[in-house]
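Enquirer: What follows is run_12.cif, mmCIF, C-alpha atoms.
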```cif
data_protein
loop_
_atom_site.label_atom_id
_atom_site.label_comp_id
_atom_site.auth_asym_id
_atom_site.auth_seq_id
_atom_site.Cartn_x
_atom_site.Cartn_y
_atom_site.Cartn_z
CA MET I 1 54.19 166.31 70.62
CA ASP I 2 51.91 166.70 73.60
CA GLN I 3 48.42 165.22 73.88
CA MET I 4 46.66 168.55 73.34
CA THR I 5 48.55 169.17 70.09
CA LEU I 6 47.72 165.68 68.86
CA THR I 7 44.05 166.23 69.67
CA VAL I 8 44.01 169.55 67.78
CA LEU I 9 45.79 168.06 64.76
CA THR I 10 43.41 165.08 64.72
CA GLU I 11 40.41 167.40 64.91
CA ILE I 12 41.58 169.67 62.09
CA GLY I 13 42.53 166.61 60.02
CA THR I 14 38.97 165.37 60.40
CA ASN I 15 37.64 168.82 59.50
CA LEU I 16 39.85 168.90 56.41
CA THR I 17 38.62 165.47 55.32
CA ASN I 18 35.00 166.52 55.78
CA LEU I 19 35.68 169.73 53.89
CA ALA I 20 37.28 167.87 51.00
CA VAL I 21 34.39 165.43 50.71
CA LYS I 22 31.72 168.09 51.14
CA GLY I 23 33.05 170.65 48.70
CA THR I 24 33.91 168.49 45.74
CA VAL I 25 33.33 169.77 42.24
CA SER I 26 30.74 167.07 41.58
CA ALA I 27 28.70 168.13 44.63
CA VAL I 28 28.62 171.75 43.46
CA SER I 29 27.93 170.62 39.89
CA ASN I 30 24.96 168.55 41.07
CA LYS I 31 23.53 171.54 42.94
CA ILE I 32 23.88 173.72 39.86
CA LYS I 33 22.15 171.11 37.69
CA ALA I 34 19.27 170.99 40.18
CA ILE I 35 19.00 174.79 40.09
CA LYS I 36 18.75 174.78 36.30
CA LEU I 37 15.49 172.84 36.60
CA GLU I 38 14.01 175.56 38.80
CA LYS I 39 11.68 178.08 37.15
CA ASP I 40 11.34 180.75 39.86
CA ALA I 41 14.01 183.49 39.51
CA GLU I 42 13.98 184.33 43.24
CA THR I 43 14.49 180.69 44.21
CA ILE I 44 17.34 180.37 41.68
CA LYS I 45 18.99 183.52 43.08
CA ASN I 46 18.65 182.25 46.66
CA LYS I 47 20.10 178.85 45.79
CA TYR I 48 23.08 180.42 43.96
CA ASP I 49 23.63 182.73 46.94
CA GLU I 50 23.53 179.67 49.19
CA ILE I 51 26.16 177.87 47.07
CA ILE I 52 28.41 180.95 47.03
CA ASN I 53 28.10 181.44 50.79
CA GLU I 54 28.82 177.77 51.39
CA LEU I 55 31.91 177.90 49.15
CA LEU I 56 33.15 181.04 50.91
CA SER I 57 32.61 179.40 54.29
CA GLU I 58 34.48 176.29 53.17
CA ARG I 59 37.33 178.48 51.88
CA GLU I 60 37.59 180.23 55.26
CA GLU I 61 37.63 176.86 57.02
CA ALA I 62 40.36 175.59 54.68
CA ILE I 63 42.45 178.71 55.39
CA ARG I 64 41.95 178.27 59.14
CA ILE I 65 43.05 174.64 58.92
CA ALA I 66 46.10 175.57 56.85
CA GLN I 67 47.05 178.22 59.43
CA VAL I 68 46.83 175.67 62.27
CA TYR I 69 49.06 173.26 60.34
CA LYS I 70 51.49 176.08 59.50
CA SER I 71 51.62 177.18 63.13
CA GLU I 72 52.35 173.63 64.25
CA LEU I 73 55.04 173.23 61.60
CA GLU I 74 56.71 176.50 62.65
CA LYS I 75 57.23 175.05 66.13
CA TYR I 76 59.68 172.60 64.62
CA VAL I 77 61.13 174.24 61.51
CA ILE I 78 63.39 177.27 61.30
CA SER I 79 65.29 178.46 58.22
CA ASP I 80 69.10 178.47 57.99
CA GLU I 81 69.08 182.27 57.90
CA ASP I 82 66.91 182.43 61.01
CA ILE I 83 69.19 179.97 62.81
CA GLN I 84 72.26 182.05 61.93
CA HIS I 85 70.52 185.23 63.08
CA LEU I 86 69.44 183.45 66.26
CA HIS I 87 73.00 182.22 66.86
CA ASN I 88 74.41 185.74 66.50
CA THR I 89 71.72 187.30 68.66
CA VAL I 90 71.98 184.70 71.40
CA GLY I 91 75.75 185.19 71.35
CA ARG I 92 75.27 188.89 72.07
CA VAL I 93 72.63 188.19 74.74
CA LEU I 94 74.91 185.67 76.43
CA GLU I 95 77.74 188.22 76.48
CA ILE I 96 75.42 190.59 78.32
CA LEU I 97 74.35 187.83 80.71
CA LYS I 98 78.01 186.97 81.41
CA LYS I 99 78.50 190.53 82.60
CA MET I 100 75.34 190.40 84.69
CA SER I 101 76.15 187.00 86.27
CA PRO I 102 79.93 186.77 86.46
CA ASN I 103 79.77 183.80 88.87
CA THR I 104 78.30 181.49 86.20
CA PRO I 105 81.04 179.39 84.56
CA LEU I 106 81.92 180.57 81.04
CA GLU I 107 81.75 177.06 79.58
CA THR I 108 78.03 176.99 80.38
CA TYR I 109 77.51 180.00 78.11
CA GLU I 110 79.69 178.59 75.35
CA GLN I 111 77.89 175.24 75.43
CA PHE I 112 74.56 177.00 75.15
CA LYS I 113 75.80 179.09 72.23
CA GLU I 114 77.15 176.03 70.39
CA LEU I 115 73.76 174.37 70.70
CA ILE I 116 72.40 177.05 68.38
CA SER I 117 74.15 176.35 65.09
CA VAL I 118 72.68 175.58 61.68
CA ASP I 119 73.93 171.99 61.61
CA THR I 120 72.87 171.21 65.16
CA LEU I 121 69.39 172.71 64.95
CA LYS I 122 68.66 171.30 61.48
CA SER I 123 69.60 167.80 62.67
CA MET I 124 67.52 168.22 65.81
CA GLN I 125 64.53 169.50 63.80
CA LEU I 126 64.59 166.30 61.75
CA LEU I 127 64.12 164.44 65.03
CA GLY I 128 61.14 166.62 66.03
CA PHE I 129 63.07 169.08 68.22
CA ASN I 130 60.96 171.98 69.51
CA TYR I 131 63.54 174.77 69.67
CA LYS I 132 61.12 177.31 71.11
CA ALA I 133 60.44 175.18 74.18
CA ALA I 134 63.97 173.84 74.52
CA ILE I 135 65.89 177.07 73.94
CA GLY I 136 63.44 179.95 74.20
CA GLU I 137 61.89 179.07 77.54
CA PRO I 138 65.22 178.41 79.36
CA LEU I 139 66.74 181.55 77.85
CA THR I 140 63.74 183.54 79.06
CA GLN I 141 64.17 182.07 82.53
CA LEU I 142 67.92 182.78 82.49
CA CYS I 143 67.32 186.43 81.59
CA SER I 144 64.59 186.72 84.19
CA ASN I 145 66.79 185.27 86.93
CA ALA I 146 69.70 187.55 86.01
CA ILE I 147 67.51 190.66 86.04
CA LEU I 148 65.79 189.68 89.30
CA SER I 149 69.10 188.94 91.01
CA LYS I 150 70.46 192.35 89.95
CA SER I 151 67.36 194.21 91.09
CA LYS I 152 67.37 192.36 94.45
CA ALA I 153 71.05 193.10 94.94
CA GLN I 154 70.51 196.79 94.21
CA ASN I 155 67.48 197.02 96.52
CA LEU I 156 69.19 195.41 99.52
CA PRO I 157 71.47 198.38 100.45
CA ARG I 158 68.55 200.82 100.29
CA LYS I 159 66.45 198.76 102.68
CA ASN I 160 69.35 198.49 105.15
CA LYS I 161 69.84 202.30 105.14
CA LYS I 162 66.28 203.01 106.26
#
```
Turn the structure described in the file into structure tokens.
Expert:
Amino acid sequence: MDQMTLTVLTEIGTNLTNLAVKGTVSAVSNKIKAIKLEKDAETIKNKYDEIINELLSEREEAIRIAQVYKSELEKYVISDEDIQHLHNTVGRVLEILKKMSPNTPLETYEQFKELISVDTLKSMQLLGFNYKAAIGEPLTQLCSNAILSKSKAQNLPRKNKK
């Protein structure tokens, strides 16, 4: 995990702790007991509105925190079905890349494809493997290089004819 991620997780952990302490049932119960002593209907209404708005705000904050944690977790966890789908898809993409870059040794493609199996990725996830950074970014670069090399090769003859 990089420093920025650790900072974000620490910050939202602190926010979650504050939220848990602040929004306890006893705190809300104490506010309601204090309101019951009030005689003015408008003041009572305003205080209940304040409690409701505060609870809604705390709920939104809790949802935001949960989404940050979920997002961070998704960087490291992928389901067996998703891994199998990924394996099949990458296999097809690599077949296309083989045709686009015939000079690249075939074993390179096969090694890359074998890296994406349920057993391999599940084991790596347990060790904190970030498959998006390790596989997604290089695959993106590989596709980009293959496309750029094809477009450059196709543009060269046209420029020489002019």
Enquirer: Determine, counting all atoms listed in the file, which protein, DNA and RNA residues have an atom within 12 Å of an atom of region 136-142 of chain I; residues of the same chain fewer than 5 positions away are not included. Present the result as a list of chain:residue names.
Expert: I:Lys75, I:Leu86, I:Thr89, I:Val90, I:Gly91, I:Val93, I:Leu94, I:Ile96, I:Leu97, I:Lys98, I:Met100, I:Ser101, I:Thr104, I:Thr108, I:Tyr109, I:Phe112, I:Lys113, I:Ile116, I:Asn130, I:Tyr131, I:Ile147, I:Leu148, I:Ser149
Enquirer: Between CA of Gly13 (chain I) and CA of Ile78 (chain I), measure the distance and give it in Å to one decimal.
Expert: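 Computed distance, CA of Gly13 (chain I) to CA of Ile78 (chain I), equals 23.5 Å.
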Enquirer: Residues picked by the PyMOL selection byres ((chain I and resi 55) around 12) here, as a tab-separated table (two decimals) with C-alpha atoms, keeping the file's coordinate frame?
Expert:
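Final output, selection.tsv:
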```tsv
chain	number	residue	atom	x	y	z
I	19	LEU	CA	35.68	169.73	53.89
I	20	ALA	CA	37.28	167.87	51.00
I	22	LYS	CA	31.72	168.09	51.14
I	23	GLY	CA	33.05	170.65	48.70
I	24	THR	CA	33.91	168.49	45.74
I	25	VAL	CA	33.33	169.77	42.24
I	27	ALA	CA	28.70	168.13	44.63
I	28	VAL	CA	28.62	171.75	43.46
I	48	TYR	CA	23.08	180.42	43.96
I	49	ASP	CA	23.63	182.73	46.94
I	50	GLU	CA	23.53	179.67	49.19
I	51	ILE	CA	26.16	177.87	47.07
I	52	ILE	CA	28.41	180.95	47.03
I	53	ASN	CA	28.10	181.44	50.79
I	54	GLU	CA	28.82	177.77	51.39
I	56	LEU	CA	33.15	181.04	50.91
I	57	SER	CA	32.61	179.40	54.29
I	58	GLU	CA	34.48	176.29	53.17
I	59	ARG	CA	37.33	178.48	51.88
I	60	GLU	CA	37.59	180.23	55.26
I	61	GLU	CA	37.63	176.86	57.02
I	62	ALA	CA	40.36	175.59	54.68
```
Enquirer: Report, in Å to a single decimal, how far apart CA of Asn145 (chain I) and CA of Asn103 (chain I) are.
Expert: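 If I compute the distance from CA of Asn103 (chain I) to CA of Asn145 (chain I), I get 13.2 Å.
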Enquirer: Interatomic distance between CA of Arg64 (chain I) and CA of Met4 (chain I)?
Expert: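 CA of Met4 (chain I) lies 17.8 Å from CA of Arg64 (chain I).
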Enquirer: Name the residues that the PyMOL selection byres ((chain I and resi 9) around 12) picks from the file above, as a short mmCIF file (atom, residue, chain, number, x, y, z; two decimals) with C-alpha atoms, in the frame of the given file, using the file's chain letters and numbers.
Expert:
```cif
data_model
loop_
_atom_site.label_atom_id
_atom_site.label_comp_id
_atom_site.auth_asym_id
_atom_site.auth_seq_id
_atom_site.Cartn_x
_atom_site.Cartn_y
_atom_site.Cartn_z
CA MET I 1 54.19 166.31 70.62
CA ASP I 2 51.91 166.70 73.60
CA GLN I 3 48.42 165.22 73.88
CA MET I 4 46.66 168.55 73.34
CA THR I 5 48.55 169.17 70.09
CA LEU I 6 47.72 165.68 68.86
CA THR I 7 44.05 166.23 69.67
CA VAL I 8 44.01 169.55 67.78
CA THR I 10 43.41 165.08 64.72
CA GLU I 11 40.41 167.40 64.91
CA ILE I 12 41.58 169.67 62.09
CA GLY I 13 42.53 166.61 60.02
CA THR I 14 38.97 165.37 60.40
CA ASN I 15 37.64 168.82 59.50
CA LEU I 16 39.85 168.90 56.41
CA ILE I 65 43.05 174.64 58.92
CA ALA I 66 46.10 175.57 56.85
CA GLN I 67 47.05 178.22 59.43
CA VAL I 68 46.83 175.67 62.27
CA TYR I 69 49.06 173.26 60.34
CA LYS I 70 51.49 176.08 59.50
CA SER I 71 51.62 177.18 63.13
CA GLU I 72 52.35 173.63 64.25
CA LEU I 73 55.04 173.23 61.60
#
```
Enquirer: From the list I:Asn18, I:Gln125, I:Lys99, I:Asn46, which residue is nearest Ala146 (chain I) when using all atoms listed in the file?
Expert: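 Looking only at the distances to Ala146 (chain I), the closest residue turns out to be I:Lys99.
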